[in-house]
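Colleague: Following this line is run-v1.txt, made up of compact mmCIF, C-alpha atoms:
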```txt
# COMPACT_ATOMS: atom_id res chain seq x y z
CA MET A 93 8.18 4.52 51.48
CA TYR A 94 11.23 4.65 49.24
CA ALA A 95 12.18 1.39 50.93
CA GLN A 96 9.02 -0.70 51.12
CA MET A 97 8.43 -4.14 52.60
CA VAL A 98 12.04 -4.53 53.66
CA LYS A 99 12.32 -7.93 55.29
CA SER A 100 14.68 -8.05 58.22
CA GLU A 101 17.21 -10.85 58.10
CA ALA A 102 17.35 -13.44 60.83
CA THR A 103 20.44 -13.18 62.91
CA GLN A 104 22.46 -16.11 64.27
CA ASP A 105 25.16 -14.38 66.17
CA ASP A 106 26.67 -14.84 69.59
CA PRO A 107 23.93 -13.81 72.10
CA GLU A 108 26.46 -11.96 74.26
CA LYS A 109 27.58 -9.83 71.32
CA LEU A 110 23.98 -9.26 70.27
CA LYS A 111 23.12 -8.03 73.73
CA ALA A 112 26.06 -5.62 73.80
CA PHE A 113 25.12 -4.40 70.32
CA GLN A 114 21.51 -3.76 71.34
CA GLU A 115 22.72 -1.88 74.42
CA ARG A 116 24.81 0.40 72.23
CA ILE A 117 21.77 1.13 70.06
CA ASP A 118 19.52 1.72 73.06
CA ALA A 119 22.11 4.14 74.45
CA GLY A 120 21.90 6.14 71.22
CA ASP A 121 25.36 5.16 69.94
CA LYS A 122 25.95 5.33 66.21
CA ILE A 123 27.12 2.11 64.58
CA GLU A 124 30.00 2.71 62.16
CA PRO A 125 31.04 0.46 59.26
CA LYS A 126 34.04 -1.13 61.00
CA ASP A 127 32.17 -1.83 64.26
CA TRP A 128 30.94 -5.32 64.99
CA MET A 129 27.32 -5.73 63.85
CA PRO A 130 24.94 -8.69 63.56
CA GLU A 131 24.79 -10.24 60.09
CA GLY A 132 21.05 -9.57 60.00
CA TYR A 133 21.54 -5.87 60.71
CA ARG A 134 24.07 -5.61 57.89
CA LYS A 135 21.97 -7.49 55.34
CA THR A 136 18.73 -5.70 56.21
CA LEU A 137 20.47 -2.34 55.87
CA ILE A 138 21.99 -3.24 52.50
CA ARG A 139 18.51 -4.12 51.27
CA GLN A 140 16.89 -1.01 52.76
CA ILE A 141 19.53 1.55 51.76
CA GLY A 142 19.93 -0.09 48.34
CA GLN A 143 16.20 0.08 47.68
CA HIS A 144 16.16 3.68 48.84
CA ALA A 145 19.07 4.52 46.48
CA HIS A 146 17.43 2.76 43.54
CA SER A 147 14.23 4.74 44.19
CA GLU A 148 16.12 8.03 43.98
CA ILE A 149 17.65 6.99 40.65
CA VAL A 150 14.52 5.47 39.08
CA GLY A 151 12.57 8.41 40.51
CA GLN A 152 14.38 10.67 38.05
CA LEU A 153 12.58 9.04 35.15
CA PRO A 154 8.95 10.18 35.65
CA GLU A 155 10.16 13.77 36.13
CA GLY A 156 12.82 13.61 33.46
CA ASN A 157 9.88 12.94 31.16
CA TRP A 158 8.83 16.59 31.46
CA ILE A 159 12.15 18.47 31.38
CA THR A 160 12.03 19.16 27.65
CA ARG A 161 8.36 20.15 27.84
CA ALA A 162 8.35 22.40 30.91
CA PRO A 163 6.11 25.42 30.29
CA THR A 164 8.79 28.10 30.88
CA LEU A 165 12.57 28.28 30.90
CA GLU A 166 12.50 28.97 34.64
CA ARG A 167 10.35 25.89 35.36
CA LYS A 168 12.69 23.86 33.18
CA ALA A 169 15.77 25.03 35.09
CA ILE A 170 14.07 24.28 38.42
CA LEU A 171 12.97 20.81 37.34
CA LEU A 172 16.44 20.08 36.01
CA ALA A 173 17.96 21.10 39.35
CA LYS A 174 15.47 18.90 41.19
CA VAL A 175 16.18 15.86 39.04
CA GLN A 176 19.92 16.47 39.47
CA ASP A 177 19.40 16.48 43.25
CA GLU A 178 17.74 13.06 42.98
CA ALA A 179 20.84 11.71 41.24
CA GLY A 180 22.92 13.14 44.10
CA HIS A 181 20.64 11.53 46.69
CA GLY A 182 21.05 8.19 44.95
CA LEU A 183 24.83 8.56 45.07
CA TYR A 184 24.91 9.49 48.79
CA LEU A 185 22.86 6.39 49.54
CA TYR A 186 24.85 4.01 47.33
CA CYS A 187 27.99 5.15 49.16
CA ALA A 188 26.32 4.54 52.53
CA ALA A 189 25.33 1.02 51.43
CA GLU A 190 28.83 0.37 50.08
CA THR A 191 30.33 0.80 53.55
CA LEU A 192 28.46 -2.43 54.41
CA GLY A 193 30.45 -4.46 51.89
CA VAL A 194 28.40 -4.41 48.69
CA SER A 195 29.55 -2.56 45.56
CA ARG A 196 27.52 -0.05 43.60
CA ASP A 197 27.83 -2.12 40.44
CA GLU A 198 26.51 -5.17 42.29
CA MET A 199 23.53 -3.18 43.53
CA THR A 200 22.83 -1.86 40.04
CA GLU A 201 22.88 -5.38 38.65
CA MET A 202 20.55 -6.55 41.40
CA LEU A 203 18.09 -3.79 40.46
CA LEU A 204 18.27 -4.71 36.79
CA ASP A 205 17.74 -8.44 37.31
CA GLY A 206 14.92 -7.90 39.80
CA ARG A 207 16.67 -9.05 42.99
CA MET A 208 16.35 -5.53 44.41
CA LYS A 209 13.34 -3.23 44.18
CA TYR A 210 12.52 0.45 43.98
CA SER A 211 9.52 2.32 45.38
CA SER A 212 6.13 1.42 43.88
CA ILE A 213 5.35 5.09 43.29
CA PHE A 214 7.77 5.39 40.37
CA ALA A 215 6.00 2.68 38.39
CA TYR A 216 3.21 5.19 37.68
CA PRO A 217 3.23 7.46 34.61
CA THR A 218 3.42 11.26 34.60
CA LEU A 219 0.83 12.21 32.02
CA THR A 220 0.58 16.01 32.30
CA TRP A 221 2.60 18.96 33.58
CA ALA A 222 0.39 19.03 36.68
CA ASP A 223 1.88 15.65 37.60
CA MET A 224 5.18 17.47 38.23
CA GLY A 225 3.29 19.46 40.84
CA ALA A 226 1.61 16.41 42.36
CA VAL A 227 4.86 14.42 42.47
CA GLY A 228 6.78 17.18 44.25
CA TRP A 229 3.95 17.97 46.64
CA LEU A 230 2.77 14.44 47.49
CA VAL A 231 5.63 12.07 46.66
CA ASP A 232 8.43 14.22 48.04
CA GLY A 233 6.13 15.20 50.90
CA ALA A 234 5.64 11.54 51.80
CA ALA A 235 9.36 10.90 51.45
CA ILE A 236 10.16 13.72 53.88
CA MET A 237 7.81 12.18 56.49
CA ASN A 238 10.00 9.09 56.48
CA GLN A 239 13.40 10.67 55.98
CA VAL A 240 13.29 13.26 58.74
CA PRO A 241 13.14 10.65 61.54
CA LEU A 242 15.73 8.51 59.70
CA GLN A 243 18.29 11.26 60.33
CA ARG A 244 18.46 9.66 63.80
CA THR A 245 18.89 6.11 62.54
CA SER A 246 21.53 3.96 64.26
CA PHE A 247 23.84 3.39 61.27
CA GLY A 248 26.19 6.39 61.01
CA PRO A 249 26.67 6.57 57.22
CA TYR A 250 22.91 6.20 56.61
CA ALA A 251 22.07 8.92 59.15
CA ARG A 252 24.62 11.28 57.57
CA ALA A 253 23.23 10.65 54.08
CA MET A 254 19.72 11.38 55.40
CA ILE A 255 20.81 14.67 56.97
CA ARG A 256 22.23 15.78 53.64
CA ILE A 257 19.13 14.63 51.75
CA CYS A 258 16.66 16.29 54.12
CA LYS A 259 18.42 19.63 53.68
CA GLU A 260 17.66 19.47 49.97
CA GLU A 261 14.30 17.72 49.98
CA SER A 262 12.18 20.58 51.21
CA PHE A 263 12.98 22.54 48.02
CA HIS A 264 11.50 19.60 46.09
CA GLN A 265 8.20 19.62 47.92
CA ARG A 266 7.85 23.38 47.75
CA GLN A 267 8.52 23.54 44.03
CA GLY A 268 5.79 20.92 43.57
CA PHE A 269 3.29 22.84 45.68
CA ASP A 270 4.21 26.01 43.81
CA ILE A 271 3.30 24.32 40.52
CA MET A 272 -0.02 23.22 42.03
CA MET A 273 -0.77 26.76 43.27
CA LYS A 274 -0.09 28.15 39.82
CA MET A 275 -2.31 25.56 38.12
CA CYS A 276 -5.10 26.11 40.64
CA SER A 277 -5.12 29.87 40.12
CA GLY A 278 -5.21 29.42 36.34
CA THR A 279 -8.06 28.66 33.96
CA PRO A 280 -10.74 26.12 34.95
CA ALA A 281 -9.10 23.66 32.56
CA GLN A 282 -5.73 24.13 34.29
CA LYS A 283 -7.28 23.67 37.71
CA GLN A 284 -9.00 20.53 36.45
CA MET A 285 -5.61 19.27 35.33
CA ALA A 286 -4.30 19.74 38.88
CA GLN A 287 -7.35 17.91 40.29
CA ASP A 288 -6.78 15.07 37.86
CA ALA A 289 -3.13 14.77 38.96
CA LEU A 290 -4.21 14.64 42.61
CA ASN A 291 -6.83 12.01 41.76
CA ARG A 292 -4.24 9.76 40.17
CA PHE A 293 -1.45 10.26 42.72
CA TRP A 294 -3.36 10.25 46.02
CA PHE A 295 -3.64 6.50 46.59
CA PRO A 296 -0.24 5.63 45.09
CA ALA A 297 1.21 8.24 47.50
CA LEU A 298 -0.53 6.55 50.47
CA MET A 299 0.90 3.20 49.29
CA MET A 300 4.42 4.60 49.59
CA PHE A 301 4.31 3.98 53.35
CA GLY A 302 3.62 0.28 52.82
CA PRO A 303 0.79 -1.80 54.30
CA SER A 304 0.07 -1.76 58.02
CA ASP A 305 2.99 -3.29 59.88
CA ALA A 306 1.55 -3.23 63.36
CA GLU A 307 1.83 -7.04 63.53
CA SER A 308 5.03 -7.41 61.53
CA LYS A 309 8.00 -9.17 63.13
CA HIS A 310 10.33 -7.66 60.54
CA SER A 311 9.26 -4.16 61.49
CA ALA A 312 9.63 -4.89 65.20
CA GLN A 313 13.23 -6.04 64.64
CA SER A 314 14.03 -3.03 62.43
CA MET A 315 12.56 -0.68 65.02
CA ALA A 316 14.61 -2.27 67.81
CA TRP A 317 17.70 -1.72 65.66
CA LYS A 318 16.59 1.87 64.94
CA ILE A 319 16.75 1.45 61.20
CA LYS A 320 13.02 2.04 61.07
CA MET A 321 11.83 4.84 63.31
CA ASN A 322 8.01 4.84 62.97
CA SER A 323 5.31 2.38 61.97
CA ASN A 324 3.87 2.65 58.46
CA ASP A 325 0.43 3.58 59.81
CA GLU A 326 1.84 6.31 62.01
CA LEU A 327 3.62 7.99 59.09
CA ARG A 328 0.65 7.59 56.74
CA GLN A 329 -1.67 9.23 59.30
CA LYS A 330 0.77 12.10 59.74
CA PHE A 331 0.98 12.55 55.98
CA VAL A 332 -2.81 12.66 55.54
CA ASP A 333 -3.26 15.09 58.44
CA GLN A 334 -0.67 17.41 56.95
CA THR A 335 -1.83 17.15 53.35
CA VAL A 336 -5.60 17.57 53.65
CA PRO A 337 -5.44 21.26 54.70
CA GLN A 338 -2.97 21.89 51.87
CA ALA A 339 -5.43 20.44 49.36
CA GLU A 340 -8.16 22.64 50.87
CA TYR A 341 -5.92 25.66 50.41
CA LEU A 342 -5.54 24.77 46.75
CA GLY A 343 -9.31 24.30 46.43
CA LEU A 344 -8.83 20.68 45.38
CA THR A 345 -10.78 17.65 46.55
CA ILE A 346 -9.04 14.58 47.97
CA PRO A 347 -10.45 11.66 45.96
CA ASP A 348 -11.77 9.85 49.04
CA GLU A 349 -15.45 10.17 49.98
CA THR A 350 -14.86 8.58 53.36
CA LEU A 351 -12.32 11.22 54.40
CA ALA A 352 -13.52 12.85 57.63
CA TRP A 353 -12.02 14.57 60.66
CA ASN A 354 -12.05 12.34 63.71
CA GLU A 355 -12.14 14.47 66.84
CA ASP A 356 -11.30 11.57 69.16
CA LYS A 357 -8.02 10.65 67.55
CA GLY A 358 -7.26 14.23 66.48
CA GLY A 359 -6.68 13.14 62.90
CA TYR A 360 -8.49 12.23 59.71
CA ASP A 361 -10.18 8.92 58.96
CA PHE A 362 -9.41 7.91 55.40
CA ALA A 363 -9.74 5.02 52.97
CA GLU A 364 -6.94 2.48 52.58
CA PRO A 365 -5.40 2.19 49.15
CA ASP A 366 -5.92 -0.99 47.14
CA TRP A 367 -3.20 -3.24 48.59
CA GLY A 368 -3.77 -5.81 45.84
CA GLU A 369 -2.62 -3.19 43.36
CA PHE A 370 0.37 -2.35 45.57
CA PHE A 371 1.63 -5.94 45.72
CA ASP A 372 1.10 -6.26 42.00
CA VAL A 373 3.17 -3.12 41.32
CA LEU A 374 5.89 -4.36 43.67
CA LYS A 375 6.05 -7.60 41.67
CA GLY A 376 6.85 -5.53 38.60
CA ASN A 377 3.37 -5.20 37.11
CA GLY A 378 2.95 -1.44 37.50
CA PRO A 379 1.90 0.62 34.45
CA CYS A 380 5.52 1.70 33.81
CA SER A 381 7.49 -1.07 35.54
CA VAL A 382 8.81 -2.67 32.36
CA ASP A 383 9.68 0.69 30.86
CA ARG A 384 11.55 1.89 33.98
CA ILE A 385 13.85 -1.11 34.15
CA ALA A 386 14.34 -1.12 30.37
CA THR A 387 15.44 2.54 30.58
CA ARG A 388 17.86 1.78 33.41
CA GLN A 389 19.20 -1.25 31.54
CA LYS A 390 19.79 0.84 28.41
CA ALA A 391 21.59 3.55 30.39
CA TRP A 392 23.76 0.88 32.03
CA ASP A 393 24.60 -0.82 28.72
CA ASP A 394 25.11 2.39 26.75
CA GLY A 395 27.35 3.77 29.50
CA ALA A 396 29.65 0.72 29.59
CA TRP A 397 32.12 2.13 27.04
CA VAL A 398 32.36 5.38 29.02
CA ARG A 399 33.05 3.57 32.28
CA ASP A 400 35.65 1.35 30.62
CA GLY A 401 37.15 4.12 28.50
CA LEU A 402 37.75 6.42 31.45
CA MET A 403 39.39 3.59 33.41
CA ALA A 404 41.66 2.83 30.44
CA HIS A 405 42.51 6.53 30.12
CA ALA A 406 43.33 6.77 33.83
CA ALA A 407 45.59 3.70 33.58
CA LYS A 408 47.37 5.15 30.54
CA LYS A 409 47.96 8.48 32.29
CA ARG A 410 49.29 6.68 35.36
CA ALA A 411 51.68 4.66 33.22
CA ALA A 412 52.90 7.79 31.39
CA LYS A 413 53.53 9.50 34.70
CA VAL A 414 55.55 6.57 36.02
CA ALA A 415 57.57 6.48 32.77
CA ALA A 416 58.35 10.20 33.06
CA GLU A 417 59.67 9.91 36.63
CA MET B 294 29.28 -6.90 31.32
CA THR B 295 32.91 -6.14 30.60
CA ASP B 296 35.90 -7.34 32.56
CA GLN B 297 36.86 -3.81 33.62
CA GLN B 298 37.01 -3.06 37.32
CA GLU B 299 34.60 -0.74 39.05
CA TRP B 300 35.78 2.88 39.35
CA PRO B 301 37.73 3.27 42.60
CA LEU B 302 36.28 5.04 45.62
CA TRP B 303 37.42 8.51 46.73
CA GLU B 304 36.84 10.38 49.98
CA ILE B 305 35.81 13.98 49.42
CA PHE B 306 36.75 16.91 51.67
CA ILE B 307 35.36 20.40 51.18
CA ARG B 308 36.35 23.76 52.63
CA GLY B 309 33.50 26.22 53.07
CA GLN B 310 33.62 29.91 52.35
CA HIS B 311 34.45 31.11 55.83
CA GLY B 312 37.96 29.86 56.32
CA ALA B 313 37.21 26.66 58.27
CA SER B 314 39.22 23.49 57.57
CA HIS B 315 38.36 21.04 54.84
CA ARG B 316 35.68 18.68 56.15
CA HIS B 317 34.86 15.17 55.07
CA VAL B 318 31.50 15.26 53.25
CA GLY B 319 31.24 11.78 51.77
CA SER B 320 32.65 9.56 49.08
CA LEU B 321 32.19 8.86 45.39
CA HIS B 322 33.48 6.75 42.51
CA ALA B 323 35.73 8.14 39.80
CA PRO B 324 38.36 6.73 37.42
CA ASP B 325 41.05 9.24 38.48
CA ALA B 326 41.71 12.24 40.72
CA GLU B 327 40.73 14.79 38.10
CA MET B 328 37.35 13.18 37.52
CA ALA B 329 36.90 12.72 41.27
CA ILE B 330 37.13 16.49 41.72
CA LEU B 331 34.76 17.17 38.83
CA ASN B 332 32.26 14.64 40.18
CA ALA B 333 32.62 16.07 43.69
CA ARG B 334 31.69 19.47 42.34
CA ASP B 335 28.42 18.04 40.99
CA VAL B 336 27.64 15.76 43.92
CA TYR B 337 28.68 17.88 46.89
CA THR B 338 28.67 21.57 45.94
CA ARG B 339 25.37 22.18 44.16
CA ARG B 340 24.44 24.83 46.74
CA LYS B 341 27.70 26.72 47.20
CA GLU B 342 28.82 24.44 50.02
CA GLY B 343 32.46 25.13 49.36
CA VAL B 344 35.32 26.86 47.58
CA SER B 345 37.92 24.09 47.67
CA ILE B 346 37.78 20.33 47.14
CA TRP B 347 40.20 17.59 48.17
CA ALA B 348 39.83 14.09 46.75
CA VAL B 349 41.74 11.27 48.47
CA PRO B 350 41.70 7.61 47.38
CA SER B 351 39.73 5.76 50.07
CA SER B 352 42.41 3.07 50.06
CA ALA B 353 44.93 5.68 51.24
CA ILE B 354 43.08 6.46 54.48
CA ALA B 355 44.50 4.93 57.64
CA ALA B 356 41.92 4.64 60.42
CA SER B 357 42.08 3.92 64.14
CA SER B 358 40.50 0.65 65.19
CA PRO B 359 37.01 0.84 66.74
CA SER B 360 37.89 -1.94 69.20
CA LYS B 361 40.71 0.18 70.68
CA LYS B 362 38.34 3.03 71.53
CA GLY B 363 38.82 2.53 75.27
CA PRO B 364 42.63 2.61 75.51
CA MET B 365 42.78 5.40 72.91
CA TYR B 366 40.38 7.91 74.41
CA ASP B 367 39.64 6.97 78.04
CA PRO B 368 42.87 8.53 79.39
CA ALA B 369 41.41 11.97 78.58
CA ASP B 370 38.40 11.32 80.86
CA ASP B 371 40.10 12.27 84.13
CA LYS B 372 42.03 15.28 82.84
CA THR B 373 39.36 17.90 83.15
CA TYR B 374 42.06 20.41 84.13
CA ARG B 375 42.83 20.66 80.42
CA HIS B 376 39.71 22.78 80.10
CA PRO B 377 39.78 26.42 81.23
CA THR B 378 36.51 26.02 83.17
CA PHE B 379 38.36 23.75 85.64
CA PHE B 380 39.85 26.82 87.33
CA ASP B 381 37.82 29.23 89.45
CA ILE B 382 39.09 32.74 88.91
CA PRO B 383 37.58 35.43 91.18
CA LYS B 384 35.37 38.01 89.44
CA ASP B 385 37.53 40.83 90.79
CA VAL B 386 40.44 39.69 88.65
CA GLY B 387 38.62 40.88 85.52
CA PRO B 388 38.48 39.25 82.14
CA MET B 389 40.87 36.33 81.67
```
Any chance you could give the structure as structure tokens?
Modeller:
Amino acid sequence: MYAQMVKSEATQDDPEKLKAFQERIDAGDKIEPKDWMPEGYRKTLIRQIGQHAHSEIVGQLPEGNWITRAPTLERKAILLAKVQDEAGHGLYLYCAAETLGVSRDEMTEMLLDGRMKYSSIFAYPTLTWADMGAVGWLVDGAAIMNQVPLQRTSFGPYARAMIRICKEESFHQRQGFDIMMKMCSGTPAQKQMAQDALNRFWFPALMMFGPSDAESKHSAQSMAWKIKMNSNDELRQKFVDQTVPQAEYLGLTIPDETLAWNEDKGGYDFAEPDWGEFFDVLKGNGPCSVDRIATRQKAWDDGAWVRDGLMAHAAKKRAAKVAAE
Amino acid sequence: MTDQQEWPLWEIFIRGQHGASHRHVGSLHAPDAEMAILNARDVYTRRKEGVSIWAVPSSAIAASSPSKKGPMYDPADDKTYRHPTFFDIPKDVGPM
């Protein structure tokens, strides 16, 4: 997902307090920033929300790649609005993480020096216009699977950010599917372009949910704390079951020969993505990994004079106002 | 990295179109109040969510303490007579 392989932090707090905390969560209480919380809960959430925020921000890059080359003015305006939403989503999430005692600048620096990660999906290139369709349809579709249940997560600021994000996210998926529909009703070459985009994005989209975590202690802790609501396999299955009929509607073929309806489980059987590739991408060896961080680094460095200049201007105005009084 | 401080945090309140009060929608960073309002427009009103924005420095907010929840709010628990439904008014009386 946008936050993948988030390790939960061990907690060494007073057992009495831990028990009371767990009871609050089990009762459906929301935990707010000034409430007592285990150190592990706080640290795990900083890592998870931070990674989610970074993914929204880095996620602007593969789509930003096509803004100047969108096929019509309308498509360009829509894509611009979508990418602007992603910036907004990043900001909501940074603010949620900040309530836990980490600053946005610190998080940005942790992304740039590799201490924090972003979703593996954004380390892949967007080679054609059809990729804008595939990204909206599959990547935002997968993100929605995860984000809808997270609206009920136990940490108040995170849940509120998710509610705001989910309201906007469905536009993203629909605009992607709309691009795919258009491509698929076009010339054979255009339809082939859509098929090619699906071929390249299918397995990376399945990787977004992360490897099976049925046996993972970290996931068990996160689920008890209600900062993870479903297992990775559960969400991946749901995503495949929802997406296959949509591909059929488009007349496209899912690039998985083993894909078959399984009557017993009431869902599709499908091939696992290459987890070796996933871990490699997460380590920073994805096709665009170096480029993504270099772009973020450049934006951060080139923006320094603006950040400083506006602070200096604000201080000067404040001083002038005091002098006038 | 420069030695400048991070932009301060602001709490953003927005009033919708239909006359309700300003509501807290979230927070953001900005160097001053003017920029906070401009940023709030981009971050929180992309879909006509409001017609008026307040920006308040987060450091200016005074908040009640979560640990005093009990003494603060429990006294209201046994005062159900503050709600109109506490009183049974016969149907014959008509609308009230």
Colleague: Distance atom CA of Leu153 of chain A-atom CA of Arg339 of chain B, one decimal place?
Modeller: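 Distance reported for this atom pair: 20.4 Å.
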Colleague: Using only C-alpha atoms, find the one residue out of A:Tyr341, A:Lys122, A:Gln329, A:Val336 that sits nearest to Gly359 of chain A.
Modeller: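 Result for the nearest residue to Gly359 of chain A: A:Gln329.
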Colleague: Work out how far apart atom CA of Met365 of chain B and atom CA of Asp381 of chain B are and give it in Å to one decimal.
Modeller: 29.4 Å
Colleague: Distance cut-off 8 Å, counting all atoms listed in the file - which residues of chain A neighbour chain B? Return them as a tab-separated table (two decimals) with C-alpha atoms, in the frame of the given file.
Modeller:
```
chain	number	residue	atom	x	y	z
A	126	LYS	CA	34.04	-1.13	61.00
A	127	ASP	CA	32.17	-1.83	64.26
A	180	GLY	CA	22.92	13.14	44.10
A	183	LEU	CA	24.83	8.56	45.07
A	184	TYR	CA	24.91	9.49	48.79
A	187	CYS	CA	27.99	5.15	49.16
A	197	ASP	CA	27.83	-2.12	40.44
A	396	ALA	CA	29.65	0.72	29.59
A	399	ARG	CA	33.05	3.57	32.28
A	400	ASP	CA	35.65	1.35	30.62
A	402	LEU	CA	37.75	6.42	31.45
A	403	MET	CA	39.39	3.59	33.41
A	406	ALA	CA	43.33	6.77	33.83
```
Colleague: Do you know which residues are at most 12 Å from His310 of chain A counting only C-alpha atoms, after dropping those on the same chain fewer than 6 positions away, and could you put them as a ChimeraX atom specification?
Modeller: /A:96-103,132-133,136,316-317,319-320,323
Colleague: What would the file look like if the residues just selected were written as an mmCIF file, in the coordinates of the input with C-alpha atoms?
Modeller:
```cif
data_model
loop_
_atom_site.group_PDB
_atom_site.id
_atom_site.type_symbol
_atom_site.label_atom_id
_atom_site.label_comp_id
_atom_site.auth_asym_id
_atom_site.auth_seq_id
_atom_site.Cartn_x
_atom_site.Cartn_y
_atom_site.Cartn_z
ATOM 1 C CA GLN A 96 9.020 -0.700 51.120
ATOM 2 C CA MET A 97 8.430 -4.140 52.600
ATOM 3 C CA VAL A 98 12.040 -4.530 53.660
ATOM 4 C CA LYS A 99 12.320 -7.930 55.290
ATOM 5 C CA SER A 100 14.680 -8.050 58.220
ATOM 6 C CA GLU A 101 17.210 -10.850 58.100
ATOM 7 C CA ALA A 102 17.350 -13.440 60.830
ATOM 8 C CA THR A 103 20.440 -13.180 62.910
ATOM 9 C CA GLY A 132 21.050 -9.570 60.000
ATOM 10 C CA TYR A 133 21.540 -5.870 60.710
ATOM 11 C CA THR A 136 18.730 -5.700 56.210
ATOM 12 C CA ALA A 316 14.610 -2.270 67.810
ATOM 13 C CA TRP A 317 17.700 -1.720 65.660
ATOM 14 C CA ILE A 319 16.750 1.450 61.200
ATOM 15 C CA LYS A 320 13.020 2.040 61.070
ATOM 16 C CA SER A 323 5.310 2.380 61.970
#
```
Colleague: Between atom CA of Ala173 of chain A and atom CA of Phe370 of chain A, measure the distance and give it in Å to one decimal.
Modeller: 30.0 Å
Colleague: Counting only C-alpha atoms, which residues come within 7 Å of (-9.9, 23.3, 41.2), with the point read in the file's coordinates, and could you list them as a PyMOL selection string?
Modeller: chain A and resi 276+280+283-284+287+343-344
Colleague: Applying 6 Å and all atoms listed in the file, which residues near Glu304 of chain B remain after dropping the ones on its own chain fewer than 5 positions away? List them as a list in words.
Modeller: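 That gives Ser320, Ala348, Val349 and Ser351 of chain B.
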Colleague: Give me, as a list of chain:residue names, all polymer residues having an atom no more than 9 Å from Lys330 of chain A, counting all atoms listed in the file and skipping those fewer than 4 positions away in the same chain.
Modeller: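 Close residues of Lys330 of chain A: A:Met237, A:Asp325, A:Glu326, A:Gln334, A:Thr335, A:Gly359.
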Colleague: Determine, counting all atoms listed in the file, every residue of protein, DNA or RNA that lies within 9 Å of (3.3, 16.5, 45.2) in the file coordinates, then give the result as a list in words.
Modeller: Asp223, Met224, Gly225, Ala226, Val227, Gly228, Trp229, Leu230, Val231, Asp232, Gly233, Ala234, His264, Gln265, Arg266, Gln267, Gly268, Phe269, Met272, Leu290, Phe293 and Ala297 of chain A
Colleague: Within 7 Å of Tyr216 of chain A, counting all atoms listed in the file, which residues qualify if same-chain residues fewer than 3 places away don't, as a PyMOL selection string?
Modeller: chain A and resi 213+378-380
Colleague: Contacts of Val150 of chain A at 7 Å or less, counting all atoms listed in the file, minus same-chain residues fewer than 3 places along, as number ranges by chain?
Modeller: A: 146-147, 153, 214, 384
Colleague: Export, as a PDB file, in the coordinates of the input, the selected residues with C-alpha atoms.
Modeller:
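The resulting file, result06.pdb, is reproduced below:
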```pdb
ATOM      1  CA  HIS A 146      17.430   2.760  43.540  1.00  0.00           C
ATOM      2  CA  SER A 147      14.230   4.740  44.190  1.00  0.00           C
ATOM      3  CA  LEU A 153      12.580   9.040  35.150  1.00  0.00           C
ATOM      4  CA  PHE A 214       7.770   5.390  40.370  1.00  0.00           C
ATOM      5  CA  ARG A 384      11.550   1.890  33.980  1.00  0.00           C
TER       6      ARG A 384
END
```
Colleague: Name the closest residue to Ile346 of chain A among the candidates A:Trp392, A:Leu219, A:Ala306, A:Phe295; distances are taken between atoms, counting only C-alpha atoms.
Modeller: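 Under the stated criterion, the closest residue is A:Phe295.
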